[in-house]
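Okay, model30.txt now, which holds compact mmCIF, C-alpha atoms:
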```
# COMPACT_ATOMS: atom_id res chain seq x y z
CA GLU V 581 126.13 149.87 1.56
CA LYS V 582 126.92 151.37 4.96
CA GLU V 583 128.85 148.24 6.09
CA HIS V 584 126.72 148.12 9.26
CA GLY V 585 123.09 147.64 10.13
CA LEU V 586 121.10 150.85 10.39
CA PHE V 587 121.06 150.85 14.19
CA THR V 588 124.84 150.49 14.43
CA TYR V 589 125.43 152.99 11.64
CA PHE V 590 123.42 155.77 13.29
CA LEU V 591 124.73 154.93 16.76
CA LEU V 592 128.34 155.25 15.59
CA LYS V 593 127.57 158.33 13.52
CA LYS V 594 126.10 160.23 16.48
CA LEU V 595 128.93 159.16 18.76
CA GLN V 596 131.49 160.33 16.22
CA GLU V 597 129.71 163.66 15.63
CA THR V 598 129.40 164.42 19.34
CA LYS V 599 132.63 162.73 20.50
CA GLY V 600 130.48 161.05 23.14
CA ASP V 601 129.23 164.35 24.56
CA VAL V 602 125.59 163.34 24.24
CA THR V 603 122.97 162.26 26.74
CA LEU V 604 121.55 158.78 26.48
CA LYS V 605 118.13 160.28 25.75
CA GLU V 606 119.53 162.33 22.84
CA LEU V 607 121.41 159.31 21.52
CA ILE V 608 118.41 156.99 21.70
CA ASN V 609 116.11 159.55 20.07
CA TYR V 610 118.58 160.18 17.25
CA VAL V 611 119.15 156.51 16.53
CA THR V 612 115.51 155.45 16.68
CA ASP V 613 114.25 158.40 14.61
CA ASN V 614 116.87 157.88 11.90
CA VAL V 615 116.52 154.10 11.75
CA ARG V 616 112.74 154.42 11.35
CA LEU V 617 113.09 156.96 8.55
CA GLU V 618 115.97 155.32 6.70
CA SER V 619 114.55 151.79 6.90
CA VAL V 620 111.40 152.90 5.10
CA GLN V 621 113.24 154.99 2.49
CA VAL V 622 116.02 152.51 1.73
CA ASN V 623 114.65 149.07 2.58
CA GLU V 624 110.94 149.76 2.22
CA LYS V 625 110.47 148.12 5.62
CA LEU V 626 109.38 149.60 8.91
CA GLN V 627 111.86 149.10 11.74
CA ARG V 628 111.15 150.24 15.27
CA PRO V 629 114.25 149.92 17.41
CA THR V 630 113.69 149.76 21.15
CA VAL V 631 116.05 150.25 24.04
CA SER V 632 115.58 148.59 27.40
CA ILE V 633 116.71 150.53 30.44
CA SER V 634 117.72 148.89 33.69
CA SER V 635 115.25 149.48 36.50
CA ALA V 636 118.19 150.68 38.61
CA LEU V 637 118.62 153.60 36.19
CA LYS V 638 114.96 154.34 35.49
CA ASP V 639 115.08 157.82 37.06
CA SER V 640 118.51 158.97 35.92
CA TRP V 641 119.36 157.46 32.51
CA GLN V 642 118.01 160.28 30.35
CA SER V 643 120.57 162.84 31.49
CA MET V 644 123.54 160.45 31.68
CA LYS V 645 126.39 161.09 29.26
CA LEU V 646 128.75 158.50 27.86
CA ASN V 647 131.86 160.59 28.37
CA GLU V 648 131.33 161.17 32.10
```

Kindly present the structure from the file in structure tokens form.
Amino acid sequence: EKEHGLFTYFLLKKLQETKGDVTLKELINYVTDNVRLESVQVNEKLQRPTVSISSALKDSWQSMKLNE
């Protein structure tokens, strides 16, 4: 229906809404929260998306923005 998987749909939606002015932490939280909720409501399946962060960025990734 959305022409994408749930992860991609919510990722693109948040990027469009914020025009990229969003921290990685905010983006990840938005995507994972919405995928979990929508997957149960629409597909009747639990999905738990995970994001792996490089060890080189472990202390700074949360405040990084895509448009910087």

With distances taken over all atoms listed in the file, which of V:Val631, V:Val611, V:Leu604, V:Val622 is nearest to Leu591 of chain V?
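The shortest atom-to-atom distance to Leu591 of chain V comes from V:Val611.
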
Would you compute the distance between atom CA of Glu583 of chain V and atom CA of Arg628 of chain V? Give it in Å to one decimal.
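Going from atom CA of Glu583 of chain V over to atom CA of Arg628 of chain V covers 20.0 Å.
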
Between atom CA of Trp641 of chain V and atom CA of Phe590 of chain V, what distance in Å does the model show, to one decimal?
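Separation between atom CA of Trp641 of chain V and atom CA of Phe590 of chain V: 19.7 Å.
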
Atom CA of Arg616 of chain V and atom CA of Ser640 of chain V, how far apart in Å?
25.6 Å

For a quick check of your reading of the model, name the residues lying within 8 Å of the coordinate (109.1, 151.7, 11.2), counting all atoms listed in the file, and write them as an MDAnalysis selection string.
chainID V and resid 615:617 619:620 625:628

Residues near Tyr610 of chain V, anyone? I mean within 12 Å using only C-alpha atoms, not counting same-chain ones fewer than 5 positions away, as a VMD selection string.
chain V and resid 586 to 595 597 to 598 602 to 605 615 to 618 629

Axis-aligned box over every listed atom of segment 607-624 of chain V, padded by 8 Å per side: centre and edges in Å to one decimal, as AutoDock Vina command-line options?
```
--center_x 116.2 --center_y 154.6 --center_z 11.7 --size_x 26.5 --size_y 27.1 --size_z 36.0
```

Atoms added to segment 611-622 of chain V (all heavy atoms), reported as a compact mmCIF listing (two decimals), in the coordinates of the input:
```
# COMPACT_ATOMS: atom_id res chain seq x y z
N VAL V 611 119.03 157.82 17.17
CA VAL V 611 119.15 156.51 16.53
C VAL V 611 117.78 155.99 16.12
O VAL V 611 117.59 155.57 14.96
CB VAL V 611 119.87 155.50 17.45
CG1 VAL V 611 119.79 154.09 16.88
CG2 VAL V 611 121.32 155.91 17.65
N THR V 612 116.82 156.01 17.01
CA THR V 612 115.51 155.45 16.68
C THR V 612 114.81 156.25 15.58
O THR V 612 114.22 155.67 14.67
CB THR V 612 114.59 155.34 17.91
OG1 THR V 612 114.46 156.61 18.55
CG2 THR V 612 115.14 154.33 18.91
N ASP V 613 114.89 157.57 15.65
CA ASP V 613 114.25 158.40 14.61
C ASP V 613 114.86 158.14 13.23
O ASP V 613 114.16 158.00 12.24
CB ASP V 613 114.37 159.89 14.94
CG ASP V 613 113.52 160.31 16.12
OD1 ASP V 613 112.65 159.52 16.56
OD2 ASP V 613 113.73 161.44 16.62
N ASN V 614 116.20 158.07 13.18
CA ASN V 614 116.87 157.88 11.90
C ASN V 614 116.72 156.47 11.35
O ASN V 614 116.59 156.29 10.14
CB ASN V 614 118.35 158.27 12.00
CG ASN V 614 118.52 159.77 11.96
OD1 ASN V 614 118.42 160.38 10.90
ND2 ASN V 614 118.74 160.38 13.10
N VAL V 615 116.71 155.48 12.21
CA VAL V 615 116.52 154.10 11.75
C VAL V 615 115.11 153.95 11.17
O VAL V 615 114.93 153.36 10.10
CB VAL V 615 116.77 153.08 12.88
CG1 VAL V 615 116.26 151.69 12.50
CG2 VAL V 615 118.23 153.03 13.23
N ARG V 616 114.12 154.50 11.85
CA ARG V 616 112.74 154.42 11.35
C ARG V 616 112.61 155.06 9.97
O ARG V 616 112.03 154.48 9.05
CB ARG V 616 111.77 155.09 12.31
CG ARG V 616 111.52 154.31 13.55
CD ARG V 616 110.59 155.05 14.47
NE ARG V 616 110.42 154.30 15.70
CZ ARG V 616 109.77 154.75 16.75
NH1 ARG V 616 109.20 155.93 16.72
NH2 ARG V 616 109.65 154.02 17.82
N LEU V 617 113.17 156.24 9.82
CA LEU V 617 113.09 156.96 8.55
C LEU V 617 113.87 156.26 7.44
O LEU V 617 113.35 156.01 6.35
CB LEU V 617 113.61 158.39 8.73
CG LEU V 617 113.60 159.28 7.50
CD1 LEU V 617 112.18 159.54 7.02
CD2 LEU V 617 114.30 160.59 7.79
N GLU V 618 115.10 155.92 7.71
CA GLU V 618 115.97 155.32 6.70
C GLU V 618 115.50 153.92 6.29
O GLU V 618 115.60 153.55 5.12
CB GLU V 618 117.40 155.25 7.25
CG GLU V 618 118.44 154.91 6.24
CD GLU V 618 118.86 156.08 5.36
OE1 GLU V 618 118.42 157.21 5.58
OE2 GLU V 618 119.66 155.84 4.43
N SER V 619 114.98 153.15 7.23
CA SER V 619 114.55 151.79 6.90
C SER V 619 113.39 151.81 5.90
O SER V 619 113.32 150.96 5.02
CB SER V 619 114.16 151.01 8.15
OG SER V 619 113.00 151.54 8.75
N VAL V 620 112.51 152.78 6.03
CA VAL V 620 111.40 152.90 5.10
C VAL V 620 111.89 153.40 3.74
O VAL V 620 111.51 152.88 2.70
CB VAL V 620 110.29 153.83 5.66
CG1 VAL V 620 109.25 154.13 4.60
CG2 VAL V 620 109.65 153.19 6.88
N GLN V 621 112.76 154.40 3.75
CA GLN V 621 113.24 154.99 2.49
C GLN V 621 114.15 154.04 1.72
O GLN V 621 114.05 153.95 0.50
CB GLN V 621 113.98 156.29 2.77
CG GLN V 621 113.07 157.40 3.24
CD GLN V 621 113.83 158.67 3.58
OE1 GLN V 621 115.04 158.68 3.74
NE2 GLN V 621 113.10 159.76 3.69
N VAL V 622 115.02 153.34 2.41
CA VAL V 622 116.02 152.51 1.73
C VAL V 622 115.55 151.07 1.55
O VAL V 622 115.67 150.50 0.47
CB VAL V 622 117.36 152.54 2.50
CG1 VAL V 622 118.35 151.56 1.92
CG2 VAL V 622 117.93 153.94 2.51
```
